[in-house]
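Before any comments, here is the structure.
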Amino acid sequence: HKKIIITIDGWSSCGKSTLAKQLAKELNYVYIDSGAMYRAITLYFLRNHVDWTKHKAVEEALRKITLDFRYNEHSNQSEMYLNDENVEYVIRDLVVAEKVSDVAAVKEVRQFAVKQQQMMGEKKGIVMDGRDIGTVVFPKAALKIFMTADNAIRVERRFKELYDKNPNVTIDEVKNNLEMRDYIDSHRDISPLRQAEDAIVLDNTNLTMKQQLEIALRWAKEKI
Ligand code: C5P
């Protein structure tokens with residue numbers, strides 16, 4: 001069997017990471033959460049009061065950032081580390097989600113992240129999810145999936161996820177955040193979210209996890 005690169009792009013909270021993780025597990029591939037990298041950079045900028053509208057400040061800050069994914073035996077998944085600190089859980093906070101799309105629109109930030117993402121794919125055998133993975137990071141990937149789901153379903157799913165951690169969160173906050181991120185992500189100048197011409201659409205509004213996985217696995221096996 002040859003190893004391939006599988007990209008999963010799409011709107012916020014469509015279940016990209018859930019599918020990507022399972023697909024990677026079934027194929028014995030490495031799962032890479034590109035959004036976690038933008039979230040970790042955003043967390044660093046917020047904590048250190050970096051003004052991301054200033055190129056110089058961004059460049060200086062990026063020089064001080066080291067990102068890596070480390071496998072955690074207990075959670076059985078790889079987790080995001082920012083300068084040796086496990087930030088896997090804090091980066092999911094709404095405080096980060098509210099700023100991440102602005103930070104991810106900055107040219108230097110994207111160059112920084114994309115370069116590392118491309119290095120992680122050098123040996124193939126990866127499933128990477130994000131917004132520009134099939135269009136910009138790996139334009140030659142063998143399998144590109146573009147995920148969508150009805151808005152109401154996406155809001156509900158993300159709300160449940162956040163509510164478990166913070167019962168103060170409201171449906172409106174979550175809805176507004178998803179709409180805002182989708183708008184900024186699809187309208188930015190550099191690498192906007194869009195479907196690659198050779199991507200296959202997976203609408204999971206009415207699919208169970210198992211059904212989605214079966215479909216994606218079938219597509220993957222056709223390419224391997
Ligand atoms: O995937 P997730 O929702 O965690 O991503 C958080 C944010 O990071 C997105 O809303 C988007 O602004 C940014 N992002 C990006 N390009 C990627 C992955 C994420 O711009 N490849």
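Chains: A, B, ... in order of the structure tokens. Residues: from 1 per chain. Ligands: from 1, in order shown.
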
Contacts of A:Glu161 at 12 Å (only C-alpha atoms; same-chain gap of 2+ positions) as a short mmCIF file (atom, residue, chain, number, x, y, z; two decimals) with C-alpha atoms, in the first residue's frame:
```
data_model
loop_
_atom_site.label_atom_id
_atom_site.label_comp_id
_atom_site.auth_asym_id
_atom_site.auth_seq_id
_atom_site.Cartn_x
_atom_site.Cartn_y
_atom_site.Cartn_z
CA SER A 13 -17.76 22.91 13.63
CA GLY A 15 -17.09 17.63 12.58
CA TYR A 89 -7.58 22.49 26.29
CA ARG A 92 -10.66 25.63 22.75
CA ASP A 93 -11.89 28.51 24.90
CA LEU A 94 -14.25 31.09 23.35
CA ARG A 154 -23.21 22.88 13.76
CA VAL A 155 -24.22 25.43 16.41
CA GLU A 156 -25.83 22.72 18.51
CA ARG A 157 -22.82 20.43 18.30
CA ARG A 158 -20.33 23.14 19.23
CA PHE A 159 -22.59 24.42 22.00
CA TYR A 163 -21.15 23.75 27.57
CA ASP A 164 -19.58 20.63 29.05
CA LYS A 165 -16.53 22.70 29.94
CA ASN A 166 -18.25 25.98 30.74
CA PRO A 167 -21.97 26.03 31.63
CA VAL A 169 -21.74 29.73 27.59
CA THR A 170 -24.89 30.67 25.63
CA ILE A 171 -26.25 29.41 22.31
CA VAL A 174 -21.64 30.14 19.99
#
```

Which residues sit within 8 Å of ligand 1, counting only C-alpha atoms and all ligand atoms, listed as a compact mmCIF listing (two decimals) with N, CA and C atoms, in the first residue's frame?
```txt
# COMPACT_ATOMS: atom_id res chain seq x y z
N ASP A 9 -11.16 19.96 4.64
CA ASP A 9 -11.43 21.38 4.87
C ASP A 9 -12.92 21.58 5.01
N TRP A 11 -16.30 24.37 6.81
CA TRP A 11 -16.78 25.39 7.73
C TRP A 11 -16.49 24.99 9.18
N SER A 12 -16.58 25.96 10.07
CA SER A 12 -16.32 25.70 11.49
C SER A 12 -17.35 24.72 12.05
N SER A 13 -16.86 23.83 12.91
CA SER A 13 -17.76 22.91 13.63
C SER A 13 -18.62 22.01 12.76
N LYS A 16 -15.09 18.12 11.31
CA LYS A 16 -13.88 17.77 10.55
C LYS A 16 -12.89 16.99 11.40
N SER A 17 -12.64 17.50 12.62
CA SER A 17 -11.60 16.85 13.42
C SER A 17 -12.05 15.48 13.91
N ASP A 33 -4.13 18.56 13.42
CA ASP A 33 -5.17 19.58 13.60
C ASP A 33 -4.55 20.95 13.31
N SER A 34 -4.67 21.43 12.08
CA SER A 34 -4.01 22.69 11.74
C SER A 34 -4.62 23.87 12.48
N GLY A 35 -5.92 23.78 12.77
CA GLY A 35 -6.58 24.86 13.51
C GLY A 35 -5.97 25.08 14.89
N ALA A 36 -5.49 23.98 15.50
CA ALA A 36 -4.88 24.09 16.83
C ALA A 36 -3.65 24.98 16.78
N MET A 37 -2.96 24.97 15.66
CA MET A 37 -1.76 25.80 15.53
C MET A 37 -2.14 27.29 15.51
N TYR A 38 -3.19 27.63 14.74
CA TYR A 38 -3.65 29.02 14.71
C TYR A 38 -4.20 29.44 16.08
N ARG A 39 -4.84 28.51 16.75
CA ARG A 39 -5.37 28.81 18.09
C ARG A 39 -4.22 29.04 19.09
N ARG A 92 -9.26 25.85 23.19
CA ARG A 92 -10.66 25.63 22.75
C ARG A 92 -11.60 26.66 23.34
N ALA A 97 -11.30 31.59 20.47
CA ALA A 97 -12.12 31.46 19.25
C ALA A 97 -12.56 32.82 18.72
N VAL A 100 -9.23 34.17 16.88
CA VAL A 100 -8.38 33.33 16.03
C VAL A 100 -8.51 33.64 14.53
N SER A 101 -9.69 33.98 14.07
CA SER A 101 -9.84 34.23 12.63
C SER A 101 -9.12 35.50 12.20
N ASP A 102 -9.06 36.49 13.09
CA ASP A 102 -8.31 37.71 12.77
C ASP A 102 -6.81 37.40 12.71
N VAL A 103 -6.35 36.64 13.68
CA VAL A 103 -4.93 36.29 13.71
C VAL A 103 -4.56 35.41 12.50
N ALA A 104 -5.46 34.48 12.16
CA ALA A 104 -5.19 33.56 11.05
C ALA A 104 -5.22 34.25 9.69
N ALA A 105 -5.69 35.48 9.65
CA ALA A 105 -5.72 36.22 8.38
C ALA A 105 -4.41 36.97 8.13
N ARG A 110 0.28 32.94 8.68
CA ARG A 110 -0.02 31.82 7.77
C ARG A 110 1.27 31.20 7.23
N ASP A 129 -6.73 18.45 8.93
CA ASP A 129 -7.95 19.22 8.71
C ASP A 129 -7.70 20.71 8.94
N GLY A 130 -8.54 21.54 8.27
CA GLY A 130 -8.37 22.99 8.38
C GLY A 130 -9.27 23.74 7.42
N ARG A 131 -8.71 24.81 6.82
CA ARG A 131 -9.48 25.63 5.91
C ARG A 131 -8.85 25.72 4.52
N ASP A 132 -7.53 25.60 4.48
CA ASP A 132 -6.80 25.80 3.22
C ASP A 132 -5.86 24.63 2.95
N ILE A 133 -6.16 23.48 3.53
CA ILE A 133 -5.22 22.36 3.42
C ILE A 133 -5.21 21.79 2.00
N LEU A 178 -19.46 31.24 15.41
CA LEU A 178 -19.33 30.41 14.20
C LEU A 178 -19.57 31.24 12.95
N ARG A 181 -16.57 33.61 12.39
CA ARG A 181 -15.36 32.93 11.89
C ARG A 181 -15.53 32.50 10.44
N ASP A 182 -16.70 31.93 10.12
CA ASP A 182 -16.92 31.49 8.75
C ASP A 182 -16.84 32.67 7.78
N ILE A 184 -15.15 35.62 8.21
CA ILE A 184 -13.76 36.10 8.08
C ILE A 184 -12.92 35.07 7.32
N ASP A 185 -13.09 33.80 7.66
CA ASP A 185 -12.27 32.75 7.02
C ASP A 185 -12.50 32.67 5.51
N SER A 191 -5.33 32.87 1.27
CA SER A 191 -5.85 31.51 1.48
C SER A 191 -7.24 31.47 2.10
N PRO A 192 -8.21 32.11 1.48
CA PRO A 192 -9.56 32.04 2.06
C PRO A 192 -10.10 30.61 2.00
N LEU A 193 -11.04 30.31 2.91
CA LEU A 193 -11.69 29.00 2.90
C LEU A 193 -12.48 28.87 1.61
```

Item to check | Secondary structure check, strand (DSSP E) residues of stretch 34-223 of chain A, as a list in words | outcome: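 Strand (DSSP E) assignments inside stretch 34-223 of chain A correspond to Leu67, Asp68, Phe69, Arg70, Tyr71, Asn72, Gln77, Ser78, Glu79, Met80, Tyr81, Leu82, Glu85, Asn86, Ile126, Val127, Met128, Asp129, Gly130, Leu143, Lys144, Ile145, Phe146, Met147, Thr148, Ile200, Val201, Leu202 and Asp203 of chain A.
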
May I have the residues from that selection written out with C-alpha atoms, as a short mmCIF file (atom, residue, chain, number, x, y, z; two decimals), in the first residue's frame?
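The resulting file, part-v6.cif, is reproduced below:
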```cif
data_model
loop_
_atom_site.label_atom_id
_atom_site.label_comp_id
_atom_site.auth_asym_id
_atom_site.auth_seq_id
_atom_site.Cartn_x
_atom_site.Cartn_y
_atom_site.Cartn_z
CA LEU A 67 4.67 24.66 18.29
CA ASP A 68 4.59 20.90 18.40
CA PHE A 69 2.15 18.04 18.72
CA ARG A 70 2.91 15.41 21.35
CA TYR A 71 1.18 12.13 21.80
CA ASN A 72 -0.65 11.64 25.10
CA GLN A 77 -4.43 11.58 20.99
CA SER A 78 -1.79 14.09 20.04
CA GLU A 79 -2.01 17.39 21.86
CA MET A 80 -0.91 20.92 21.04
CA TYR A 81 2.13 22.31 22.83
CA LEU A 82 3.08 25.98 22.82
CA GLU A 85 3.26 23.93 27.58
CA ASN A 86 0.25 21.72 26.92
CA ILE A 126 -1.37 11.99 7.30
CA VAL A 127 -4.89 13.31 7.64
CA MET A 128 -4.89 17.09 8.15
CA ASP A 129 -7.95 19.22 8.71
CA GLY A 130 -8.37 22.99 8.38
CA LEU A 143 -7.79 12.75 -1.40
CA LYS A 144 -9.47 16.06 -0.57
CA ILE A 145 -12.69 16.18 1.40
CA PHE A 146 -14.77 19.32 1.84
CA MET A 147 -17.18 19.05 4.76
CA THR A 148 -20.45 20.87 5.29
CA ILE A 200 -15.30 15.75 -2.77
CA VAL A 201 -18.13 17.23 -0.71
CA LEU A 202 -19.27 15.41 2.41
CA ASP A 203 -22.46 16.85 3.92
#
```

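For the atom pair formed by atom CA of A:Ile153 and atom CA of A:Thr208, the distance is 12.6 Å, given to one decimal.
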
Checklist outcome for this item: Here atom CA of A:Glu59 and atom CA of A:Ala113 stand apart by 12.7 Å

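Compared by their closest atoms to A:Gln116, and using only C-alpha atoms, the residues A:Thr66, A:Asn28, A:Asn76, A:Thr135 rank with A:Thr66 nearest.
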
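Across the structure, atom CA of A:Met119 and atom CA of A:Lys3 are spaced 15.6 Å apart.
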
Item to check | Contact residues around A:Lys221 with only C-alpha atoms at 12 Å, ignoring same-chain residues under 6 positions, as a PyMOL selection string | outcome: chain A and resi 1-4+6+23+26-27+142-143+213-215

Selected residues written out with N, CA and C atoms, as a compact mmCIF listing (two decimals), in the first residue's frame:
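In the end it all went to selection.txt:
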```txt
# COMPACT_ATOMS: atom_id res chain seq x y z
N HIS A 1 0.83 -1.21 0.00
CA HIS A 1 0.00 0.00 0.00
C HIS A 1 0.85 1.25 0.00
N LYS A 2 0.47 2.21 -0.81
CA LYS A 2 1.21 3.48 -0.75
C LYS A 2 0.53 4.41 0.24
N LYS A 3 1.31 5.30 0.83
CA LYS A 3 0.75 6.25 1.79
C LYS A 3 0.37 7.53 1.06
N ILE A 4 -0.75 8.10 1.46
CA ILE A 4 -1.20 9.32 0.79
C ILE A 4 -1.43 10.44 1.81
N ILE A 6 -4.34 13.03 3.07
CA ILE A 6 -5.78 13.27 3.02
C ILE A 6 -6.05 14.63 3.66
N LEU A 23 -10.52 8.57 10.89
CA LEU A 23 -9.96 8.12 9.62
C LEU A 23 -8.47 7.78 9.80
N GLU A 26 -8.09 4.45 11.68
CA GLU A 26 -8.39 3.28 10.84
C GLU A 26 -7.26 2.98 9.86
N LEU A 27 -6.64 4.04 9.33
CA LEU A 27 -5.62 3.85 8.30
C LEU A 27 -4.21 3.76 8.89
N ALA A 142 -3.79 13.43 -2.50
CA ALA A 142 -4.50 12.40 -3.26
C ALA A 142 -5.99 12.39 -2.97
N LEU A 143 -6.37 12.71 -1.73
CA LEU A 143 -7.79 12.75 -1.40
C LEU A 143 -8.11 14.04 -0.64
N LEU A 213 -17.65 7.86 8.45
CA LEU A 213 -16.36 7.18 8.44
C LEU A 213 -16.31 6.15 7.31
N GLU A 214 -17.43 5.44 7.13
CA GLU A 214 -17.47 4.43 6.07
C GLU A 214 -17.28 5.06 4.69
N ILE A 215 -17.95 6.19 4.49
CA ILE A 215 -17.82 6.89 3.20
C ILE A 215 -16.38 7.34 2.96
```

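Proximity ranking of A:Val90, A:Asp150, A:Val114, A:Ala220 relative to A:Leu162 places A:Val90 first, based on only C-alpha atoms.
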
Hey, what does DSSP flag as alpha helix (DSSP H) within stretch 2-219 of chain A? Can you give it to me as a PDB file with C-alpha atoms, in the first residue's frame?
```pdb
ATOM      1  CA  LYS A  16     -13.878  17.773  10.546  1.00  0.00           C
ATOM      2  CA  SER A  17     -11.601  16.855  13.423  1.00  0.00           C
ATOM      3  CA  THR A  18     -13.831  14.033  14.652  1.00  0.00           C
ATOM      4  CA  LEU A  19     -13.817  12.429  11.219  1.00  0.00           C
ATOM      5  CA  ALA A  20     -10.131  13.149  10.614  1.00  0.00           C
ATOM      6  CA  LYS A  21      -9.149  11.484  13.899  1.00  0.00           C
ATOM      7  CA  GLN A  22     -11.146   8.340  13.189  1.00  0.00           C
ATOM      8  CA  LEU A  23      -9.958   8.121   9.621  1.00  0.00           C
ATOM      9  CA  ALA A  24      -6.339   8.441  10.741  1.00  0.00           C
ATOM     10  CA  LYS A  25      -6.858   5.733  13.334  1.00  0.00           C
ATOM     11  CA  GLU A  26      -8.389   3.285  10.837  1.00  0.00           C
ATOM     12  CA  LEU A  27      -5.619   3.855   8.302  1.00  0.00           C
ATOM     13  CA  SER A  34      -4.006  22.688  11.738  1.00  0.00           C
ATOM     14  CA  GLY A  35      -6.577  24.864  13.508  1.00  0.00           C
ATOM     15  CA  ALA A  36      -4.884  24.085  16.825  1.00  0.00           C
ATOM     16  CA  MET A  37      -1.755  25.802  15.529  1.00  0.00           C
ATOM     17  CA  TYR A  38      -3.645  29.024  14.715  1.00  0.00           C
ATOM     18  CA  ARG A  39      -5.366  28.807  18.090  1.00  0.00           C
ATOM     19  CA  ALA A  40      -2.040  28.365  19.926  1.00  0.00           C
ATOM     20  CA  ILE A  41      -0.521  31.363  18.126  1.00  0.00           C
ATOM     21  CA  THR A  42      -3.614  33.396  19.050  1.00  0.00           C
ATOM     22  CA  LEU A  43      -3.281  32.337  22.684  1.00  0.00           C
ATOM     23  CA  TYR A  44       0.335  33.517  22.697  1.00  0.00           C
ATOM     24  CA  PHE A  45      -0.617  36.867  21.127  1.00  0.00           C
ATOM     25  CA  LEU A  46      -3.404  37.422  23.659  1.00  0.00           C
ATOM     26  CA  ARG A  47      -1.278  36.518  26.655  1.00  0.00           C
ATOM     27  CA  HIS A  55       3.972  43.339  11.005  1.00  0.00           C
ATOM     28  CA  LYS A  56       7.036  43.924  13.094  1.00  0.00           C
ATOM     29  CA  ALA A  57       5.360  42.898  16.329  1.00  0.00           C
ATOM     30  CA  VAL A  58       4.038  39.732  14.667  1.00  0.00           C
ATOM     31  CA  GLU A  59       7.423  38.783  13.251  1.00  0.00           C
ATOM     32  CA  GLU A  60       9.113  39.309  16.593  1.00  0.00           C
ATOM     33  CA  ALA A  61       6.494  37.276  18.432  1.00  0.00           C
ATOM     34  CA  LEU A  62       6.591  34.395  15.944  1.00  0.00           C
ATOM     35  CA  ARG A  63      10.313  34.047  16.522  1.00  0.00           C
ATOM     36  CA  LEU A  94     -14.245  31.090  23.346  1.00  0.00           C
ATOM     37  CA  VAL A  95     -11.776  33.847  24.279  1.00  0.00           C
ATOM     38  CA  VAL A  96      -9.363  32.311  21.766  1.00  0.00           C
ATOM     39  CA  ALA A  97     -12.117  31.459  19.251  1.00  0.00           C
ATOM     40  CA  GLU A  98     -13.187  35.099  19.198  1.00  0.00           C
ATOM     41  CA  LYS A  99      -9.801  36.280  17.920  1.00  0.00           C
ATOM     42  CA  VAL A 100      -8.381  33.327  16.029  1.00  0.00           C
ATOM     43  CA  SER A 101      -9.839  34.227  12.635  1.00  0.00           C
ATOM     44  CA  ASP A 102      -8.308  37.707  12.772  1.00  0.00           C
ATOM     45  CA  VAL A 103      -4.926  36.287  13.712  1.00  0.00           C
ATOM     46  CA  ALA A 104      -5.186  33.555  11.047  1.00  0.00           C
ATOM     47  CA  LYS A 107       0.214  36.860   6.233  1.00  0.00           C
ATOM     48  CA  GLU A 108       3.217  36.152   8.473  1.00  0.00           C
ATOM     49  CA  VAL A 109       1.139  33.920  10.722  1.00  0.00           C
ATOM     50  CA  ARG A 110      -0.021  31.822   7.775  1.00  0.00           C
ATOM     51  CA  GLN A 111       3.485  31.502   6.350  1.00  0.00           C
ATOM     52  CA  PHE A 112       4.740  30.366   9.747  1.00  0.00           C
ATOM     53  CA  ALA A 113       2.022  27.729  10.155  1.00  0.00           C
ATOM     54  CA  VAL A 114       1.886  26.489   6.554  1.00  0.00           C
ATOM     55  CA  LYS A 115       5.633  25.872   6.425  1.00  0.00           C
ATOM     56  CA  GLN A 116       5.433  23.593   9.459  1.00  0.00           C
ATOM     57  CA  GLN A 117       2.322  21.844   8.158  1.00  0.00           C
ATOM     58  CA  GLN A 118       4.058  21.066   4.873  1.00  0.00           C
ATOM     59  CA  MET A 119       7.031  19.599   6.735  1.00  0.00           C
ATOM     60  CA  MET A 120       4.727  17.352   8.731  1.00  0.00           C
ATOM     61  CA  ASN A 151     -25.904  25.689  10.419  1.00  0.00           C
ATOM     62  CA  ALA A 152     -28.302  24.788  13.211  1.00  0.00           C
ATOM     63  CA  ILE A 153     -26.688  21.384  13.643  1.00  0.00           C
ATOM     64  CA  ARG A 154     -23.213  22.879  13.760  1.00  0.00           C
ATOM     65  CA  VAL A 155     -24.216  25.430  16.411  1.00  0.00           C
ATOM     66  CA  GLU A 156     -25.831  22.719  18.512  1.00  0.00           C
ATOM     67  CA  ARG A 157     -22.821  20.426  18.301  1.00  0.00           C
ATOM     68  CA  ARG A 158     -20.332  23.143  19.235  1.00  0.00           C
ATOM     69  CA  PHE A 159     -22.594  24.424  22.000  1.00  0.00           C
ATOM     70  CA  LYS A 160     -22.753  20.990  23.637  1.00  0.00           C
ATOM     71  CA  GLU A 161     -19.000  20.648  23.426  1.00  0.00           C
ATOM     72  CA  LEU A 162     -18.352  24.043  25.028  1.00  0.00           C
ATOM     73  CA  TYR A 163     -21.154  23.750  27.572  1.00  0.00           C
ATOM     74  CA  ASP A 164     -19.580  20.632  29.048  1.00  0.00           C
ATOM     75  CA  LYS A 165     -16.534  22.697  29.938  1.00  0.00           C
ATOM     76  CA  ILE A 171     -26.251  29.406  22.307  1.00  0.00           C
ATOM     77  CA  ASP A 172     -26.138  32.945  20.904  1.00  0.00           C
ATOM     78  CA  GLU A 173     -22.478  33.378  21.733  1.00  0.00           C
ATOM     79  CA  VAL A 174     -21.641  30.139  19.994  1.00  0.00           C
ATOM     80  CA  LYS A 175     -23.809  30.947  16.967  1.00  0.00           C
ATOM     81  CA  ASN A 176     -22.301  34.417  16.595  1.00  0.00           C
ATOM     82  CA  ASN A 177     -18.789  33.064  16.888  1.00  0.00           C
ATOM     83  CA  LEU A 178     -19.328  30.411  14.204  1.00  0.00           C
ATOM     84  CA  GLU A 179     -20.911  32.903  11.811  1.00  0.00           C
ATOM     85  CA  MET A 180     -18.166  35.447  12.395  1.00  0.00           C
ATOM     86  CA  ARG A 181     -15.363  32.930  11.886  1.00  0.00           C
ATOM     87  CA  ASP A 182     -16.921  31.492   8.748  1.00  0.00           C
ATOM     88  CA  TYR A 183     -17.331  34.990   7.335  1.00  0.00           C
ATOM     89  CA  ILE A 184     -13.760  36.100   8.085  1.00  0.00           C
ATOM     90  CA  ASP A 185     -12.265  32.751   7.025  1.00  0.00           C
ATOM     91  CA  SER A 186     -14.012  32.783   3.650  1.00  0.00           C
ATOM     92  CA  HIS A 187     -13.454  36.487   2.899  1.00  0.00           C
ATOM     93  CA  MET A 209     -20.381   9.152  12.741  1.00  0.00           C
ATOM     94  CA  LYS A 210     -20.185   5.578  11.538  1.00  0.00           C
ATOM     95  CA  GLN A 211     -21.706   6.393   8.149  1.00  0.00           C
ATOM     96  CA  GLN A 212     -19.338   9.302   7.574  1.00  0.00           C
ATOM     97  CA  LEU A 213     -16.356   7.184   8.444  1.00  0.00           C
ATOM     98  CA  GLU A 214     -17.473   4.428   6.068  1.00  0.00           C
ATOM     99  CA  ILE A 215     -17.825   6.886   3.195  1.00  0.00           C
ATOM    100  CA  ALA A 216     -14.463   8.522   3.842  1.00  0.00           C
ATOM    101  CA  LEU A 217     -12.751   5.147   4.229  1.00  0.00           C
ATOM    102  CA  ARG A 218     -14.168   3.993   0.919  1.00  0.00           C
ATOM    103  CA  TRP A 219     -12.826   7.133  -0.807  1.00  0.00           C
TER     104      TRP A 219
END
```

Checklist entry - With distances taken over only C-alpha atoms, which of A:Ile224, A:Ile5, A:Val50, A:Val106 is nearest to A:Val137? => result A:Ile5
